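Dropping coords05.txt in here (compact mmCIF, C-alpha atoms):
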```txt
# COMPACT_ATOMS: atom_id res chain seq x y z
CA TYR A 1 28.08 13.43 -102.01
CA PHE A 2 26.75 12.45 -105.41
CA GLU A 3 23.95 13.46 -107.70
CA PRO A 4 21.33 13.01 -109.06
CA TRP A 5 19.10 11.46 -106.38
CA ALA A 6 15.79 9.66 -106.88
CA THR A 7 14.13 13.01 -106.17
CA ASN A 8 15.52 16.42 -107.07
CA ALA A 9 15.91 17.36 -103.41
CA TYR A 10 19.64 18.04 -103.88
CA GLN A 11 18.62 21.11 -105.90
CA SER A 12 16.57 22.55 -103.05
CA GLU A 13 17.65 25.32 -100.67
CA ARG A 14 17.80 22.87 -97.77
CA TYR A 15 20.62 20.87 -99.37
CA ARG A 16 22.48 23.63 -101.18
CA ASN A 17 25.52 23.39 -98.89
CA CYS A 18 25.93 19.62 -99.20
CA LYS A 19 28.12 19.68 -102.30
CA PRO A 20 30.53 22.46 -101.19
CA HIS A 21 30.79 20.85 -97.75
CA TYR A 22 31.71 17.52 -99.30
CA GLN A 23 34.28 19.16 -101.56
CA SER A 24 35.89 20.87 -98.55
CA ARG A 25 36.05 17.54 -96.69
CA LYS A 26 37.66 15.90 -99.71
CA LYS A 27 40.35 18.59 -99.79
CA ASP A 28 40.92 18.02 -96.09
CA LEU A 29 41.42 14.29 -96.70
CA ALA A 30 43.88 15.02 -99.53
CA LYS A 31 45.88 17.13 -97.11
CA ASN A 32 45.77 15.10 -93.89
CA LEU A 33 45.50 11.40 -94.75
CA LYS A 34 48.57 9.32 -93.93
CA GLU A 35 49.83 6.12 -95.47
CA GLY A 36 47.99 3.14 -94.01
CA ASP A 37 44.91 5.15 -93.00
CA ARG A 38 41.41 3.87 -93.72
CA VAL A 39 38.48 6.06 -94.73
CA LEU A 40 35.19 4.40 -93.78
CA VAL A 41 32.14 5.51 -95.77
CA VAL A 42 28.85 4.75 -94.02
CA SER A 43 25.72 5.78 -95.90
CA SER A 44 22.04 4.93 -95.79
CA LEU A 45 21.33 5.31 -99.49
CA TYR A 46 17.90 3.73 -99.87
CA ASN A 47 16.05 7.03 -100.27
CA TYR A 48 18.70 8.41 -102.61
CA PHE A 49 18.15 5.55 -105.05
CA GLY A 50 14.39 5.53 -104.55
CA LYS A 51 11.94 2.73 -103.87
CA ASN A 52 10.93 2.10 -107.49
CA PRO A 53 13.19 4.10 -109.80
CA THR A 54 12.76 3.81 -113.54
CA GLU A 55 15.48 1.98 -115.43
CA ARG A 56 16.85 5.26 -116.76
CA SER A 57 16.84 7.08 -113.41
CA ALA A 58 18.36 4.06 -111.64
CA ARG A 59 21.18 4.03 -114.18
CA GLN A 60 21.79 7.77 -113.79
CA ILE A 61 21.80 7.58 -109.99
CA ALA A 62 24.13 4.56 -110.05
CA ASP A 63 26.49 6.39 -112.41
CA GLY A 64 26.56 9.41 -110.09
CA TYR A 65 27.32 7.23 -107.07
CA ARG A 66 29.91 5.16 -108.95
CA ASN A 67 31.76 8.23 -110.23
CA ALA A 68 31.77 9.90 -106.81
CA VAL A 69 33.16 6.82 -105.04
CA LEU A 70 35.86 6.26 -107.67
CA ASP A 71 36.84 9.93 -107.49
CA LEU A 72 37.11 9.74 -103.70
CA ALA A 73 39.12 6.52 -103.98
CA LYS A 74 41.67 8.31 -106.17
CA VAL A 75 42.13 10.99 -103.52
CA VAL A 76 42.50 8.39 -100.78
CA GLU A 77 44.86 6.21 -102.83
CA SER A 78 47.09 9.19 -103.66
CA ARG A 79 47.88 9.43 -99.95
CA GLY A 80 48.66 5.72 -99.55
CA ALA A 81 45.36 5.08 -97.76
CA ARG A 82 42.37 2.86 -98.53
CA LEU A 83 38.62 3.45 -98.85
CA LEU A 84 36.27 1.12 -96.99
CA LEU A 85 32.62 1.00 -98.06
CA MET A 86 30.11 -0.21 -95.49
CA THR A 87 27.38 -2.18 -97.24
CA PRO A 88 23.73 -1.77 -96.16
CA LEU A 89 22.32 -2.74 -92.78
CA PRO A 90 18.77 -3.96 -92.29
CA SER A 91 16.36 -1.12 -91.64
CA PHE A 92 13.03 -0.92 -89.87
CA PRO A 93 9.96 1.01 -91.07
CA GLN A 94 9.38 4.20 -89.12
CA THR A 95 5.65 3.49 -89.19
CA SER A 96 6.35 0.49 -86.93
CA ILE A 97 8.32 2.60 -84.43
CA THR A 98 5.58 4.33 -82.48
CA PHE A 99 7.58 5.40 -79.44
CA PRO A 100 10.75 7.54 -78.92
CA LEU A 101 13.46 4.88 -78.84
CA SER A 102 15.57 7.03 -76.54
CA LEU A 103 13.10 5.98 -73.81
CA CYS A 104 13.67 2.30 -74.55
CA ARG A 105 17.24 2.12 -73.29
CA GLN A 106 17.97 0.86 -69.83
CA GLU A 107 19.83 3.50 -67.80
CA TRP A 108 20.75 3.93 -64.14
CA PHE A 109 17.71 6.19 -63.80
CA ARG A 110 15.53 3.91 -65.96
CA PRO A 111 15.71 0.30 -64.72
CA SER A 112 14.31 -2.51 -66.84
CA TRP A 113 10.97 -2.50 -65.01
CA ALA A 114 10.43 1.17 -65.92
CA ILE A 115 10.88 0.71 -69.67
CA PRO A 116 7.51 1.33 -71.40
CA SER A 117 5.68 -1.65 -72.84
CA ALA A 118 5.59 0.17 -76.21
CA CYS A 119 9.32 -0.57 -76.52
CA ARG A 120 8.69 -3.87 -78.21
CA PRO A 121 11.09 -5.24 -80.85
CA VAL A 122 10.38 -4.37 -84.47
CA LEU A 123 10.92 -7.30 -86.86
CA VAL A 124 11.53 -7.44 -90.62
CA GLU A 125 12.04 -10.45 -92.90
CA ARG A 126 15.77 -11.11 -93.39
CA SER A 127 15.32 -12.31 -96.97
CA GLN A 128 13.33 -9.20 -97.88
CA GLU A 129 15.98 -6.89 -96.42
CA LEU A 130 18.71 -8.64 -98.40
CA ALA A 131 16.61 -8.39 -101.55
CA ARG A 132 15.87 -4.72 -100.91
CA THR A 133 19.55 -3.87 -100.60
CA SER A 134 20.86 -6.24 -103.29
CA TYR A 135 21.13 -3.56 -106.00
CA LEU A 136 23.38 -1.36 -103.89
CA ARG A 137 25.40 -4.36 -102.69
CA ARG A 138 26.13 -5.35 -106.27
CA LEU A 139 27.13 -1.80 -107.10
CA GLN A 140 29.50 -1.56 -104.14
CA ASN A 141 31.02 -4.97 -104.89
CA GLU A 142 31.59 -3.80 -108.46
CA LEU A 143 33.47 -0.78 -107.12
CA THR A 144 35.84 -2.99 -105.09
CA LYS A 145 36.80 -4.63 -108.40
CA ARG A 146 37.11 -1.31 -110.23
CA SER A 147 39.64 0.15 -107.79
CA LYS A 148 42.40 -1.62 -105.92
CA ALA A 149 42.07 1.04 -103.19
CA ILE A 150 38.47 0.10 -102.29
CA ASP A 151 37.40 -2.58 -99.81
CA SER A 152 33.95 -3.38 -98.45
CA PHE A 153 32.67 -4.27 -95.00
CA ASP A 154 29.37 -6.11 -94.58
CA PRO A 155 27.81 -5.47 -91.13
CA PHE A 156 24.57 -7.29 -91.92
CA PRO A 157 25.47 -10.78 -90.56
CA ALA A 158 26.63 -9.36 -87.22
CA ILE A 159 23.31 -7.56 -86.72
CA CYS A 160 21.07 -10.18 -88.33
CA PRO A 161 22.79 -13.62 -88.46
CA ALA A 162 22.09 -16.04 -91.29
CA GLU A 163 20.24 -18.45 -88.99
CA ASN A 164 17.60 -15.79 -88.26
CA GLN A 165 14.51 -15.65 -90.47
CA LYS A 166 13.73 -12.17 -89.15
CA CYS A 167 15.91 -9.22 -88.22
CA SER A 168 15.16 -7.37 -84.99
CA ASN A 169 16.07 -3.90 -83.78
CA HIS A 170 16.71 -5.54 -80.39
CA HIS A 171 19.06 -8.24 -79.16
CA GLY A 172 17.49 -9.53 -76.00
CA SER A 173 17.08 -6.45 -73.82
CA LEU A 174 19.62 -4.43 -75.82
CA LEU A 175 18.36 -1.82 -78.29
CA LEU A 176 20.47 -2.07 -81.47
CA PHE A 177 18.96 0.84 -83.42
CA SER A 178 18.16 4.37 -82.30
CA ASP A 179 15.56 4.75 -85.08
CA GLY A 180 14.75 2.91 -88.28
CA SER A 181 18.30 2.83 -89.66
CA HIS A 182 20.93 4.16 -87.20
CA LEU A 183 22.80 1.92 -84.77
CA THR A 184 23.01 2.60 -81.07
CA SER A 185 26.38 2.23 -79.35
CA GLU A 186 25.32 -1.31 -78.38
CA GLY A 187 24.50 -2.07 -82.00
CA ALA A 188 27.85 -0.68 -83.18
CA LEU A 189 29.72 -2.81 -80.65
CA ARG A 190 28.25 -5.93 -82.24
CA LEU A 191 30.30 -5.10 -85.36
CA ASP A 192 33.58 -5.07 -83.45
CA ARG A 193 34.91 -8.51 -84.38
CA SER A 194 33.86 -8.59 -88.04
CA PHE A 195 35.08 -5.01 -88.56
CA ALA A 196 38.48 -5.85 -87.05
CA ASP A 197 38.68 -8.93 -89.31
CA THR A 198 37.98 -6.76 -92.35
CA LEU A 199 40.71 -4.30 -91.39
CA ARG A 200 43.21 -7.12 -90.90
CA ALA A 201 42.31 -8.63 -94.27
CA SER A 202 42.74 -5.30 -96.06
CA ASN A 203 46.21 -4.95 -94.50
CA GLN A 204 47.23 -8.09 -96.38
CA LEU A 205 46.41 -6.57 -99.78
```

Before anything else, please render the file you have as structure tokens.
Amino acid sequence: YFEPWATNAYQSERYRNCKPHYQSRKKDLAKNLKEGDRVLVVSSLYNYFGKNPTERSARQIADGYRNAVLDLAKVVESRGARLLLMTPLPSFPQTSITFPLSLCRQEWFRPSWAIPSACRPVLVERSQELARTSYLRRLQNELTKRSKAIDSFDPFPAICPAENQKCSNHHGSLLLFSDGSHLTSEGALRLDRSFADTLRASNQL
């Protein structure tokens, strides 16, 4: 949890329990983490930073995020553990997803021939996705230099390899995303090797 956000939604009734819930989870980590543990932070932060924030608001939001991550890193480090930040994935505009993606997965009761034709892949330009997420990537990379307890994991190449000009929410017949920004189990499994490599590298630090 951090504040402010690009909008003031964190002040609304809907989100009033977010901050106390986060504080309770942080206390739980301080109590239960063991030496050698890893705390993985996965966040889709695009809407929190806003599409076109002003210079002042972008700076304030970045400061809130930076302070929250460094504070969490102190808690984690005090227990002999490490904090692992997952950098942004590509995302796909909801306006291009016109069908419930839960109906696009092949199941024993839904063979490939029964999958609706509307379940077509959604494509986005790889270069544009990297540009869109570059600000947050720089901020997270800065944090790995600010704290010796923070590492980063970049899932982007496993989902959208460098040789691809476009990123797809499919890989062949496999659906990688359950909506515009959340991985399916098949999508998560594609991170297995690079995630394991990151964990091994952090063990050498």

- Message: Show me, as an MDAnalysis selection string, the residues that have an atom within 12 Å of Arg59 (chain A) when counting only C-alpha atoms, minus same-chain residues fewer than 2 positions from it.
- Response: chainID A and resid 3:6 49:50 53:57 61:66 135:136 139

- Please identify all polymer residues within 7 Å of Asn169 (chain A), counting only C-alpha atoms, omitting same-chain residues fewer than 5 positions from it, and present them as a list in words.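 What passes the distance filter is Pro121, Val122, Leu123, Leu175, Leu176 and Phe177 of chain A.
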
- Message: Which residues are close to region 184-188 of chain A, i.e. within 9 Å by only C-alpha atoms, leaving aside same-chain residues fewer than 2 positions away? Reply as a ChimeraX atom specification.
- Response: /A:159,169-171,174-179,182,190-192

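Going from CA of Leu101 (chain A) over to CA of Gly172 (chain A), you cover 15.2 Å.
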
- Spatial neighbours of Ser91 (chain A), 12 Å, all atoms listed in the file, chain gap at least 2 places, as a count of residues only: 36

- Message: So that I can check the surroundings of Leu85 (chain A), please list as a list in words every protein, DNA and RNA residue that reaches within 8 Å of it, counting all atoms listed in the file and ignoring chain neighbours fewer than 4 positions away.
- Response: Leu40, Val41, Val42, Gln140, Ile150, Asp151, Ser152 and Phe153 of chain A

- From the set A:Ser117, A:Thr144, A:Gln106, A:Ser78, which residue has the shortest atom-to-atom contact distance to Leu29 (chain A), counting only C-alpha atoms? A:Ser78

- Figure out the distance between CA of Lys31 (chain A) and CA of Ala81 (chain A), please, to one decimal in Å.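 For CA of Ala81 (chain A) relative to CA of Lys31 (chain A), the distance reads 12.1 Å.
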
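Put simply, CA of Ala114 (chain A) is 28.1 Å away from CA of Pro90 (chain A).
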
- Query: Which is closer to Tyr48 (chain A) than all the others in A:Arg138, A:Asn8, A:Thr198, A:Pro157, using all atoms listed in the file?
  - Reply: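 Result for the nearest residue to Tyr48 (chain A): A:Asn8.
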
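Distances here use only C-alpha atoms; by that measure, the residue among A:Arg110, A:Arg200, A:Arg146, A:Arg14 closest to Asp71 (chain A) is A:Arg146.
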